[in-house]
Amino acid sequence: MAQNGTSVSIQDLSLSFGVISVLHTLNLDVAEGEFVVLLGPSGCGKSTLLNCIAGLLDISEGRIFIKGKNVTWEEPKDRGIGMVFQSYALYPQMTVERNLSFGLRVAGVPKDEIAKRIARAAEILQIEPLLQRKPSALSGGQRQRVAIGRALVRDVDVFLFDEPLSNLDAKLRAELRVEIKLLHRKLQNTMIYVTHDQIEAMTLADRIAVMKGGVIQQLDAPQTIYNRPVNRFVAGFLGSPAMNFMDGRLEKDGGDWHFAAEDVRIPLATYAFEKEPTPGPAVFGMRPEHVAFNSGAGWPFAATANVEVVEPMGSDTLVWLKLGGQNFTVRVTSERTPNNADTVSIGFDPMRASLFDAQTGSRL
Amino acid sequence: MAQNGTSVSIQDLSLSFGVISVLHTLNLDVAEGEFVVLLGPSGCGKSTLLNCIAGLLDISEGRIFIKGKNVTWEEPKDRGIGMVFQSYALYPQMTVERNLSFGLRVAGVPKDEIAKRIARAAEILQIEPLLQRKPSALSGGQRQRVAIGRALVRDVDVFLFDEPLSNLDAKLRAELRVEIKLLHRKLQNTMIYVTHDQIEAMTLADRIAVMKGGVIQQLDAPQTIYNRPVNRFVAGFLGSPAMNFMDGRLEKDGGDWHFAAEDVRIPLATYAFEKEPTPGPAVFGMRPEHVAFNSGAGWPFAATANVEVVEPMGSDTLVWLKLGGQNFTVRVTSERTPNNADTVSIGFDPMRASLFDAQTGSRL
Amino acid sequence: MTAGQITAIQPAQEAPDQAGVGPLGPKPRRISAGRIGLYAFLIVAALFFLIPVYIMIVTSLKGMPEIRLGHLFNLPGEPTFQPWADAWLHACTGRDCNGLSPGFYNSVKITVPSVVISIICASINGYALTFWPYKGANFLFGLLVFGAFVPYQVVIYPLIIGLSSVGLFASLPGIIIVHTIFGMPILTLLFRNFYAAIPVELFKAARVDGAGFWRIFFHIMLPMSLPITVVAVILQVTGIWNDFLFGIVFAGRPNWPMTVQLNNIVNTTTGVREYNVNMAATILTAAVPLLIYFISGRWFVRGIAAGAVKG
Amino acid sequence: MQKSWRRRFHLPAVIGTIPMILVAVGVFVIGIGFSVLWSFTSSKLFPTYDFVGLAQYRRLWSDSRWLVSVNNIWFFGLMSITCNMVFGYLLAVFMDQRIRQEDLFRSIFLYPFAMSLIVTGLVWQWVLDPNLGLQAALRNLGWSSFSFAPLVDADTALYALVVAGIWQGSGVTMAILLAGLRGVDEEIWKAARVDGIPTWRTHMSIVAPMMKGAFATAFVLQCVSVVRVYDLVIAMTGGGPGIATSMPAVYVIQLITVRQNVGQGMAAATMMLLPVLVVLAFSGILLWRRNREASA
Amino acid sequence: TDLEVIHWWTSKGESAAVSQFAKAFDNDGHGDKWVDSAIALGETARSTVMQRVLGGDPPGAAQFNPGRQYEELISGGKLLDLTDVATAGRWDEVIRPKAIGSACLVDGHWWCVPVNIHSNYWAWYSKPVFEKAGVPEPKSMADFIAAAPKIKEAGLIPFAIGGDGNGWQIQLLFQDMVTEALGVAKRDEMYTKKSAEIAGGPEMKGVFTQLRTLKQFTDNGYANRNWNDTTNLVITGKAGLQVMGDWARGEFAAAGMTGVKDFGCMIGLNEAKPVVSTDGDIIVFFKQDNPDVEAAQKRLAALLISPEVQVAFNNAKGSMPVRGDVDMSAADPCMQKSLKAVEDPSNIVTATNRFITENTNQQINELVSQYFADDSMTADDATAKFGTIIGNSD
Ligand SMILES: Nc1ncnc2c1ncn2[C@@H]1O[C@H](COP(=O)(O)OP(=O)(O)OP(=O)(O)O)[C@@H](O)[C@H]1O
Ligand SMILES: Nc1ncnc2c1ncn2[C@@H]1O[C@H](COP(=O)(O)OP(=O)(O)OP(=O)(O)O)[C@@H](O)[C@H]1O
Ligand SMILES: [Mg+2]
Ligand SMILES: [Mg+2]
């Protein structure tokens, strides 16, 4: 990735629909050639943000720069962007092929070049047999692929993808994910990508922006976001199955910090605090997949518990236990699936945990 | 689940749009109170099948029974079904609340009953603050939730869900998944559910129907489908990351069957053949999560290989190797992630493998 | 999953017909009570609509003596096509007795460009008002709609003065301009309201695709406005083809449309009226709009934005 | 600076709507301006600039024919707009049921619109004439007490006009509404069918509101044709019997062309535009306030 | 030179007549050409002419009714002064009756050419109807009113009338009755002096009362009937009598009837007091910048009134020529009656339009037709209103 400058820069962006304020003084800098994924709960303003970047919504305040140019009042077509809409927005009266070629024809790309690009996009998206159909004769996933294709064929600096793979099956999604990654490698263009699929987010993103209620909570590399979420919301939002949260207290025993909840005392010697902690209520977070299951001793923290529920999920199984009087889940590979009411031993390294302030929810 | 009869029964159903034949003499029986998930690649006819069951498309051939009654020519409203559309199909000029209540009011349900049901659906779907908005002022995911709500408030025997959660974030999706499961437990109604999310499929389904090109390939319990796919298509379609396939030959050495590909020889003593095998070309399938990684000896099959690519996926990492001259992936928990070009050892039990005929793709 | 299972759960008494399974295959286009009612309504309505044209046709085939007898609904005793021939070829309008035919070409000459230009103008207006409203645009639109309520005769004077001052009075361009002007309010309204119902995402997508004002209009919006364009064509073709008032004043003597002749054949202050010729002439004049109604029908396509967006 | 692209002057949009600007301002504003101006003059055959103040208005409001016209237009307007919309919508709905011979039916419902009213009006007169038309025909068939002569009676002549108006105009209403109906997404219908909503409810509560643009168009078109109704009256009743079916537009046009009293004609026209202006201004303000609220 | 002429002679008979003008003009040896612009309906044709004048594109000539309509055209300087042509053709001598010439003679200048005389003062009746009802043919309106009940008894419509076009047929009847009731002199006085006194007087009340009486003898289909259809009732023997101008003869002729045994005509509503009105058509010429055109216009003006053209035109049209020095022996019996009557100046009734503006005319129309339609309006009311209209006319 050639991170040689800022490609998209959003400064103090605010937007409201009438009385409903959707984005609040939002700032976001995307480097050139970077792949940024927007994650966030439904209705948090992701599509709205993309629309603002594309110049399709009147922003209420702030400025938007693309490639160093202030495009706040620029036409969408002058911003050098391509976009995939969450709602597809295919041109109903055009065949798939014409849908794909429309932008190119507008730009005056030569005929054979158009044909070449369409052929390539159609191949990637596996929509060759559909090229002569109209959108109304396509299935949901096929429509979505056409919508992606419409962006892919264009040669622009910035791609905006709004949940481009949500209606596709896992297999195709995996394939297209790879294709998008390759395309990105090849074209080196900037991508801003909205998705709800965490695998997509983790595998594609250079950086992930986690949004909530129109505010970016954290913007960081995927692993950082995953391992060191800045607040409880981010921690809980990412990861499936979700992180375990345990309410308790932070206590200092001699020189060592501990986390205490009912009968459970977790030593925090290996935990890297953000800043010097103070004793008091706190929330302890631990991902289900970071918990070792029936794997012997040697863990800084170990315990035994009774299995309450077993939830098979295909490749893995989720085991529900009670720890410190609270629900606690552990992810277990299928072959090691215990039975209900079995007593099992667990262990983990608090290094992998996340501690949050009980009030503000921010990382400790 | 009270499986005390057939709820939906589809017999020899065929449907074509003009010359495009979409469903081919399809048969499907869904027991009362059963939760059947339809899985299949985009465009395979899932939505079309749901539409046929709902009576929204004129079928070309075949019969449909709901609760033992032949409803082939029945009006949708007389079939006792509720449906969530892939394209939402909300009534654009009505508020969310009216969207939810309209069907009930038409049916003459008492006011307070309506209010109760709406309140409940809105709570489940977390759309209380949106009740007074119009669909045009909702985000994609919010629209989808309203569409689900519209089906939920109805008191029907059979629910048809067409990718109801595709536009929701993972967290909400997990929550709603649980809600739907609970709802199903409580209402005991039959559900036919289209999804592309395998976790959804695995966790929700009593049985999964895997479709391809308008034909049901396999209809079985999730674990069966996952562990004993009837053909290569089903094997490859389910599971993420996808199953590894290795082309090679089935050979008989003395009394023992082996699978051979280049330098690799896999003993099949523990493999349960469907029927007496014959030597010849075959495909060996093994799920990446069923491969043990750097975990010492004791496996019926073990090998060492060089790491080619490492793909982090959040909780796990996918490691790409070469085995028998072919790509082979292994899923590894994050903490054990190797480095590129490391030499690693792998092992697995062929009991967990699937063998397919190289020609027909059907399970051996 | 087999047929055996099915029959098992299908007690024979529930569906006594063969194999106990009931309806099979596509729903036959049965004639339900609802459909009978529907056709009954349509046919009764059609009959009501057809009464006058029946009388017109019957009358046009009668001779004047038979008409004077006044048996309106009777079929012609001795059918004659002379009135039709007269109407088309021989009826007198002033000193010329060439029937309607001479004005036909003029009518075409006026109608075609007027219809095309007025519809293009109006659809651009509707499109701009919906998707590109600039400050004051809607106020202008309000004025335009206001103008639709003014009786023509009121605006005719300023228009005459205006057009003659630019030298377009009594000319083909003049009449085309006049038709465009008077078609504009309603047509603009027609298109504006139509475009307002089109999902705005389509417009957004086209803008991202780099298309500008004109290209979005011609490539995206116009092809989607088929049904409403048909309505516009129906309105305009009829209005302009049947127009007489403007044609006679603004087109100039050499361009007088067919309706001037029709009016002359049909109307007279103190002269003798030949009802059979009148009827034939009226039907003949209406033939072109009627033809257009019939042909344009298939453009009333269904689901114009189908599959374009979800939600 | 805070002006967004949408509200800025888009040059192509302005260029594209130059005809509209010219027509709205150049023709209607100026034209109406002159009419108002002339309504204060003593213009007879030609417009002049001999101002007489409100004299024309005084004469207008003391003319019984004008008073009758004003009364008539309300009644006629209400009746014919309602009937036309209802009937037109019914037709459109029925046409939308994938019926056979759709083209034929549509053409039948539309054809009256294509025919010159000069003659069709005459035919209607014949049909409604007690000695020639329906009454005579039915009496000939033996129903000797049948009495049907709507045009003769001042009270019923207006109803006859309404019926003829429906006959002439409901086809267009149908066409507009049909175009609107055809724009409704198929999935909405599916959803309503699954919800078990009876077809008529679907129409009333879901589809019709979705078609409010088409309804608005048809409604305005109806209003325009009511306010401007002229041909119909001339062809059917000539304003008679007596002056019973006179309408404002008929009055205006007769003043200008036949009576050659342009001044008073313009005064009448100005009076006609007044209520339209009030309604438009009112809805304009409503719209503006809604927009302001939405974008506040 | 091409000369465009706008007129509303569009029916078959009228068309034949106007061709006579055109033919003569085309063959006048100056290479002239009659460009025919026929526009049906007087009001339409007239407003077209006005609008063309306003647009600066007036036709060469146009048909008008002798009335006050074109006064504004004269004062506006739009018309060509024909005085020199008139002097040369001694119009003031040849045109008879004088009243018809005076329509074109304003302030000593000739502004138009009268081309024919149409009399409104006629009643047409069906001989078979009177025969069937067993009553003698009428010689006056009084006769007819006496006979009407008998005709009604016979199951026929005694009196045929139509209410189309603002009720002009009713007004025609009314004006005829006014003249009969007041006498020519008093009528002229009423109109010229705008005498509300006469207009609101007892004679007028008598007229209105009689009108109401006549209404009883009509059928209920009159409301918007054309004059043609009205005449048709008489022709087919469904109705007894109609009051209509002399153009009704054309309908009888078109139905193959002659005025001898099928129908009768009653001049002036009273055979004993025959009157002829000076309604008719005139042609005006619009000022053009081109002297050639002006010359052609004057040639046409002269031609229109020349004896041969007058005979040819009026024979075809069924109207009376405006000059007496022509041979009209080909005319039918009814026409002969009026040719005879016109010779006596005391029989001449000046056209109503000459006294009142079109505005007043329409007000009278409205009053009369409203009165005719609305039985609740009393004769007193109507008379009073009529007085007001005449009193306020300009
Ligand atoms: N109206 C139509 N005319 C022609 N072909 C159609 C029409 N509707 C759907 N198809 C085709 O039928 C096939 C099945 O469509 P369907 O919508 O059932 O797919 P699906 O399984 O729901 O796919 P997805 O997961 O993408 O929604 C697709 O290949 C589609 O292209
Ligand atoms: N036109 C509108 N008027 C009012 N509110 C709106 C409008 N459009 C969107 N909103 C609201 O703005 C918020 C953000 O919407 P947006 O579409 O950006 O969400 P999103 O993050 O894309 O969600 P999703 O993942 O569900 O698509 C939502 O709460 C939505 O209800
Ligand atoms: Mg969104
Ligand atoms: Mg689908």
# chains A, B, ... in the order shown; residues from 1 in each chain; ligands from 1
$ closest_atom_pairs --of "chain A" --to "ligand 4" --cutoff "10 Å" --atoms "only C-alpha atoms and all ligand atoms" --output "JSON lines"
{"residue": "A:Leu138", "atom": "CA", "partner": "ligand 4", "partner_atom_place_in_ligand_line": "1 (Mg)", "distance": 8.8}
{"residue": "A:Ser139", "atom": "CA", "partner": "ligand 4", "partner_atom_place_in_ligand_line": "1 (Mg)", "distance": 5.1}
{"residue": "A:Gly140", "atom": "CA", "partner": "ligand 4", "partner_atom_place_in_ligand_line": "1 (Mg)", "distance": 4.7}
{"residue": "A:Gly141", "atom": "CA", "partner": "ligand 4", "partner_atom_place_in_ligand_line": "1 (Mg)", "distance": 6.5}
{"residue": "A:Gln142", "atom": "CA", "partner": "ligand 4", "partner_atom_place_in_ligand_line": "1 (Mg)", "distance": 8.6}
{"residue": "A:Arg143", "atom": "CA", "partner": "ligand 4", "partner_atom_place_in_ligand_line": "1 (Mg)", "distance": 9.7}
{"residue": "A:Asn167", "atom": "CA", "partner": "ligand 4", "partner_atom_place_in_ligand_line": "1 (Mg)", "distance": 8.0}
{"residue": "A:Leu168", "atom": "CA", "partner": "ligand 4", "partner_atom_place_in_ligand_line": "1 (Mg)", "distance": 9.2}
$ residues_near_ligand --ligand "ligand 2" --cutoff "9 Å" --atoms "only C-alpha atoms and all ligand atoms" --output "JSON list (two decimals) with N, CA, C and O atoms, in the first residue's frame"
[["chain", "number", "residue", "atom", "x", "y", "z"],
["A", 16, "SER", "N", -27.67, 16.39, 9.59],
["A", 16, "SER", "CA", -28.95, 16.00, 10.19],
["A", 16, "SER", "C", -30.05, 15.96, 9.14],
["A", 16, "SER", "O", -30.01, 16.69, 8.16],
["A", 17, "PHE", "N", -30.97, 15.05, 9.36],
["A", 17, "PHE", "CA", -32.21, 15.04, 8.56],
["A", 17, "PHE", "C", -33.25, 15.74, 9.40],
["A", 17, "PHE", "O", -33.79, 15.15, 10.33],
["A", 18, "GLY", "N", -33.53, 16.97, 9.07],
["A", 18, "GLY", "CA", -34.49, 17.71, 9.89],
["A", 18, "GLY", "C", -34.01, 17.73, 11.32],
["A", 18, "GLY", "O", -32.88, 18.16, 11.59],
["A", 19, "VAL", "N", -34.85, 17.25, 12.23],
["A", 19, "VAL", "CA", -34.45, 17.31, 13.63],
["A", 19, "VAL", "C", -33.56, 16.14, 14.02],
["A", 19, "VAL", "O", -32.93, 16.16, 15.06],
["A", 20, "ILE", "N", -33.51, 15.11, 13.15],
["A", 20, "ILE", "CA", -32.72, 13.93, 13.50],
["A", 20, "ILE", "C", -31.27, 14.17, 13.11],
["A", 20, "ILE", "O", -30.94, 14.25, 11.93],
["A", 21, "SER", "N", -30.43, 14.31, 14.10],
["A", 21, "SER", "CA", -29.02, 14.53, 13.82],
["A", 21, "SER", "C", -28.34, 13.18, 13.69],
["A", 21, "SER", "O", -28.41, 12.36, 14.60],
["A", 22, "VAL", "N", -27.69, 12.95, 12.56],
["A", 22, "VAL", "CA", -27.14, 11.62, 12.29],
["A", 22, "VAL", "C", -25.63, 11.56, 12.49],
["A", 22, "VAL", "O", -25.12, 10.61, 13.08],
["A", 23, "LEU", "N", -24.92, 12.54, 11.99],
["A", 23, "LEU", "CA", -23.47, 12.54, 12.16],
["A", 23, "LEU", "C", -23.07, 13.76, 12.98],
["A", 23, "LEU", "O", -23.59, 14.86, 12.77],
["A", 38, "LEU", "N", -15.86, 0.53, 7.54],
["A", 38, "LEU", "CA", -16.73, 1.13, 8.54],
["A", 38, "LEU", "C", -17.58, 0.04, 9.15],
["A", 38, "LEU", "O", -18.25, -0.70, 8.43],
["A", 39, "LEU", "N", -17.53, -0.05, 10.43],
["A", 39, "LEU", "CA", -18.35, -1.02, 11.13],
["A", 39, "LEU", "C", -19.22, -0.27, 12.11],
["A", 39, "LEU", "O", -18.82, 0.78, 12.61],
["A", 40, "GLY", "N", -20.36, -0.83, 12.40],
["A", 40, "GLY", "CA", -21.21, -0.17, 13.39],
["A", 40, "GLY", "C", -22.59, -0.74, 13.35],
["A", 40, "GLY", "O", -22.99, -1.35, 12.36],
["A", 41, "PRO", "N", -23.33, -0.52, 14.41],
["A", 41, "PRO", "CA", -24.67, -1.10, 14.44],
["A", 41, "PRO", "C", -25.57, -0.47, 13.37],
["A", 41, "PRO", "O", -25.31, 0.63, 12.88],
["A", 42, "SER", "N", -26.61, -1.18, 13.07],
["A", 42, "SER", "CA", -27.56, -0.70, 12.09],
["A", 42, "SER", "C", -28.09, 0.67, 12.50],
["A", 42, "SER", "O", -28.47, 0.88, 13.64],
["A", 43, "GLY", "N", -28.08, 1.59, 11.54],
["A", 43, "GLY", "CA", -28.63, 2.91, 11.82],
["A", 43, "GLY", "C", -27.65, 3.87, 12.45],
["A", 43, "GLY", "O", -28.01, 4.95, 12.87],
["A", 44, "CYS", "N", -26.35, 3.52, 12.48],
["A", 44, "CYS", "CA", -25.42, 4.41, 13.16],
["A", 44, "CYS", "C", -24.90, 5.50, 12.23],
["A", 44, "CYS", "O", -24.20, 6.40, 12.66],
["A", 45, "GLY", "N", -25.24, 5.44, 10.96],
["A", 45, "GLY", "CA", -24.84, 6.52, 10.06],
["A", 45, "GLY", "C", -23.78, 6.15, 9.04],
["A", 45, "GLY", "O", -23.19, 7.03, 8.42],
["A", 46, "LYS", "N", -23.56, 4.88, 8.82],
["A", 46, "LYS", "CA", -22.53, 4.46, 7.88],
["A", 46, "LYS", "C", -22.90, 4.86, 6.45],
["A", 46, "LYS", "O", -22.11, 5.48, 5.74],
["A", 47, "SER", "N", -24.10, 4.48, 6.05],
["A", 47, "SER", "CA", -24.52, 4.82, 4.69],
["A", 47, "SER", "C", -24.56, 6.33, 4.53],
["A", 47, "SER", "O", -24.18, 6.87, 3.49],
["A", 48, "THR", "N", -25.00, 7.00, 5.56],
["A", 48, "THR", "CA", -25.06, 8.44, 5.49],
["A", 48, "THR", "C", -23.67, 9.03, 5.27],
["A", 48, "THR", "O", -23.48, 9.92, 4.44],
["A", 49, "LEU", "N", -22.69, 8.49, 5.98],
["A", 49, "LEU", "CA", -21.32, 8.99, 5.82],
["A", 49, "LEU", "C", -20.83, 8.76, 4.39],
["A", 49, "LEU", "O", -20.27, 9.66, 3.76],
["A", 50, "LEU", "N", -21.09, 7.58, 3.86],
["A", 50, "LEU", "CA", -20.68, 7.31, 2.47],
["A", 50, "LEU", "C", -21.36, 8.29, 1.52],
["A", 50, "LEU", "O", -20.75, 8.82, 0.60],
["A", 51, "ASN", "N", -22.63, 8.52, 1.76],
["A", 51, "ASN", "CA", -23.35, 9.46, 0.90],
["A", 51, "ASN", "C", -22.75, 10.85, 0.97],
["A", 51, "ASN", "O", -22.71, 11.56, -0.03],
["A", 86, "GLN", "N", -26.22, 0.28, -0.93],
["A", 86, "GLN", "CA", -26.82, -0.78, -0.14],
["A", 86, "GLN", "C", -28.12, -1.26, -0.79],
["A", 86, "GLN", "O", -28.45, -2.43, -0.75],
["A", 162, "ASP", "N", -21.08, 0.00, 0.05],
["A", 162, "ASP", "CA", -22.03, -0.08, 1.16],
["A", 162, "ASP", "C", -22.60, -1.49, 1.26],
["A", 162, "ASP", "O", -23.50, -1.87, 0.51],
["A", 163, "GLU", "N", -22.09, -2.25, 2.17],
["A", 163, "GLU", "CA", -22.50, -3.64, 2.38],
["A", 163, "GLU", "C", -22.64, -4.39, 1.06],
["A", 163, "GLU", "O", -23.70, -4.89, 0.72],
["A", 194, "VAL", "N", -18.35, -0.46, 3.86],
["A", 194, "VAL", "CA", -19.24, -0.73, 5.00],
["A", 194, "VAL", "C", -19.60, -2.20, 4.99],
["A", 194, "VAL", "O", -19.94, -2.75, 3.95],
["A", 195, "THR", "N", -19.49, -2.81, 6.13],
["A", 195, "THR", "CA", -19.91, -4.21, 6.18],
["A", 195, "THR", "C", -20.38, -4.55, 7.58],
["A", 195, "THR", "O", -20.09, -3.84, 8.54],
["A", 196, "HIS", "N", -21.15, -5.61, 7.65],
["A", 196, "HIS", "CA", -21.53, -6.12, 8.96],
["A", 196, "HIS", "C", -20.82, -7.42, 9.25],
["A", 196, "HIS", "O", -20.99, -8.01, 10.30],
["A", 211, "MET", "N", -18.15, 2.70, 14.35],
["A", 211, "MET", "CA", -19.02, 3.85, 14.59],
["A", 211, "MET", "C", -20.15, 3.47, 15.52],
["A", 211, "MET", "O", -20.57, 2.33, 15.59],
["A", 212, "LYS", "N", -20.61, 4.50, 16.22],
["A", 212, "LYS", "CA", -21.81, 4.31, 17.02],
["A", 212, "LYS", "C", -22.51, 5.65, 17.12],
["A", 212, "LYS", "O", -21.86, 6.65, 17.46],
["A", 213, "GLY", "N", -23.77, 5.65, 16.77],
["A", 213, "GLY", "CA", -24.55, 6.89, 16.88],
["A", 213, "GLY", "C", -23.91, 8.08, 16.20],
["A", 213, "GLY", "O", -23.91, 9.18, 16.72],
["A", 214, "GLY", "N", -23.34, 7.85, 15.04],
["A", 214, "GLY", "CA", -22.80, 8.95, 14.26],
["A", 214, "GLY", "C", -21.43, 9.42, 14.71],
["A", 214, "GLY", "O", -20.94, 10.43, 14.24],
["B", 130, "LEU", "N", -38.24, 4.10, 16.37],
["B", 130, "LEU", "CA", -38.49, 4.36, 14.96],
["B", 130, "LEU", "C", -39.96, 4.27, 14.60],
["B", 130, "LEU", "O", -40.34, 4.51, 13.46],
["B", 133, "ARG", "N", -41.56, 6.75, 12.31],
["B", 133, "ARG", "CA", -40.91, 7.18, 11.07],
["B", 133, "ARG", "C", -41.48, 6.46, 9.87],
["B", 133, "ARG", "O", -42.09, 5.40, 9.98],
["B", 134, "LYS", "N", -41.22, 7.04, 8.70],
["B", 134, "LYS", "CA", -41.59, 6.36, 7.47],
["B", 134, "LYS", "C", -40.39, 5.55, 6.97],
["B", 134, "LYS", "O", -39.25, 5.91, 7.27],
["B", 135, "PRO", "N", -40.63, 4.52, 6.20],
["B", 135, "PRO", "CA", -39.50, 3.69, 5.73],
["B", 135, "PRO", "C", -38.40, 4.49, 5.06],
["B", 135, "PRO", "O", -37.23, 4.15, 5.19],
["B", 136, "SER", "N", -38.76, 5.57, 4.35],
["B", 136, "SER", "CA", -37.72, 6.30, 3.64],
["B", 136, "SER", "C", -36.74, 6.95, 4.60],
["B", 136, "SER", "O", -35.64, 7.32, 4.19],
["B", 137, "ALA", "N", -37.11, 7.09, 5.86],
["B", 137, "ALA", "CA", -36.19, 7.70, 6.82],
["B", 137, "ALA", "C", -35.49, 6.65, 7.67],
["B", 137, "ALA", "O", -35.06, 6.95, 8.77],
["B", 138, "LEU", "N", -35.38, 5.45, 7.15],
["B", 138, "LEU", "CA", -34.72, 4.40, 7.90],
["B", 138, "LEU", "C", -33.47, 3.94, 7.18],
["B", 138, "LEU", "O", -33.38, 4.03, 5.96],
["B", 139, "SER", "N", -32.53, 3.42, 7.95],
["B", 139, "SER", "CA", -31.35, 2.83, 7.33],
["B", 139, "SER", "C", -31.72, 1.43, 6.83],
["B", 139, "SER", "O", -32.79, 0.90, 7.14],
["B", 140, "GLY", "N", -30.81, 0.85, 6.04],
["B", 140, "GLY", "CA", -31.10, -0.46, 5.47],
["B", 140, "GLY", "C", -31.45, -1.49, 6.53],
["B", 140, "GLY", "O", -32.44, -2.22, 6.41],
["B", 141, "GLY", "N", -30.66, -1.54, 7.55],
["B", 141, "GLY", "CA", -30.90, -2.54, 8.58],
["B", 141, "GLY", "C", -32.20, -2.29, 9.33],
["B", 141, "GLY", "O", -32.92, -3.22, 9.69],
["B", 142, "GLN", "N", -32.51, -1.01, 9.53],
["B", 142, "GLN", "CA", -33.76, -0.70, 10.21],
["B", 142, "GLN", "C", -34.95, -1.12, 9.38],
["B", 142, "GLN", "O", -35.93, -1.66, 9.89],
["B", 143, "ARG", "N", -34.85, -0.93, 8.07],
["B", 143, "ARG", "CA", -35.94, -1.38, 7.20],
["B", 143, "ARG", "C", -36.11, -2.88, 7.32],
["B", 143, "ARG", "O", -37.21, -3.41, 7.37],
["B", 144, "GLN", "N", -34.98, -3.54, 7.33],
["B", 144, "GLN", "CA", -35.06, -5.00, 7.39],
["B", 144, "GLN", "C", -35.74, -5.44, 8.67],
["B", 144, "GLN", "O", -36.56, -6.36, 8.65],
["B", 145, "ARG", "N", -35.44, -4.74, 9.75],
["B", 145, "ARG", "CA", -36.07, -5.14, 11.01],
["B", 145, "ARG", "C", -37.57, -4.90, 10.96],
["B", 145, "ARG", "O", -38.35, -5.71, 11.48],
["B", 167, "ASN", "N", -28.80, -7.55, 6.42],
["B", 167, "ASN", "CA", -28.26, -6.20, 6.50],
["B", 167, "ASN", "C", -27.98, -5.75, 7.93],
["B", 167, "ASN", "O", -27.83, -4.57, 8.18],
["B", 168, "LEU", "N", -27.95, -6.70, 8.84],
["B", 168, "LEU", "CA", -27.75, -6.32, 10.23],
["B", 168, "LEU", "C", -26.33, -6.59, 10.68],
["B", 168, "LEU", "O", -25.64, -7.46, 10.13],
["B", 169, "ASP", "N", -25.92, -5.86, 11.66],
["B", 169, "ASP", "CA", -24.57, -6.08, 12.18],
["B", 169, "ASP", "C", -24.53, -7.37, 13.00],
["B", 169, "ASP", "O", -25.56, -7.87, 13.46],
["D", 294, "ALA", "N", -38.12, 20.37, 7.58],
["D", 294, "ALA", "CA", -37.36, 19.16, 7.25],
["D", 294, "ALA", "C", -35.88, 19.46, 7.14],
["D", 294, "ALA", "O", -35.06, 18.61, 7.44]]
$ closest_residue --among "A:Asn70, A:Ser334, A:Ser7, A:Gln93" --to "chain C" --atoms "only C-alpha atoms"
A:Gln93
$ interface_residues --of "chain D" --to "chain B" --cutoff "9 Å" --atoms "only C-alpha atoms" --output "VMD selection string"
chain D and resid 185 to 198 201 205 to 207 209 to 210
$ closest_residue --among "C:Asn264, C:Ala87, C:Arg95, C:Arg207" --to "chain A" --atoms "only C-alpha atoms"
C:Arg207
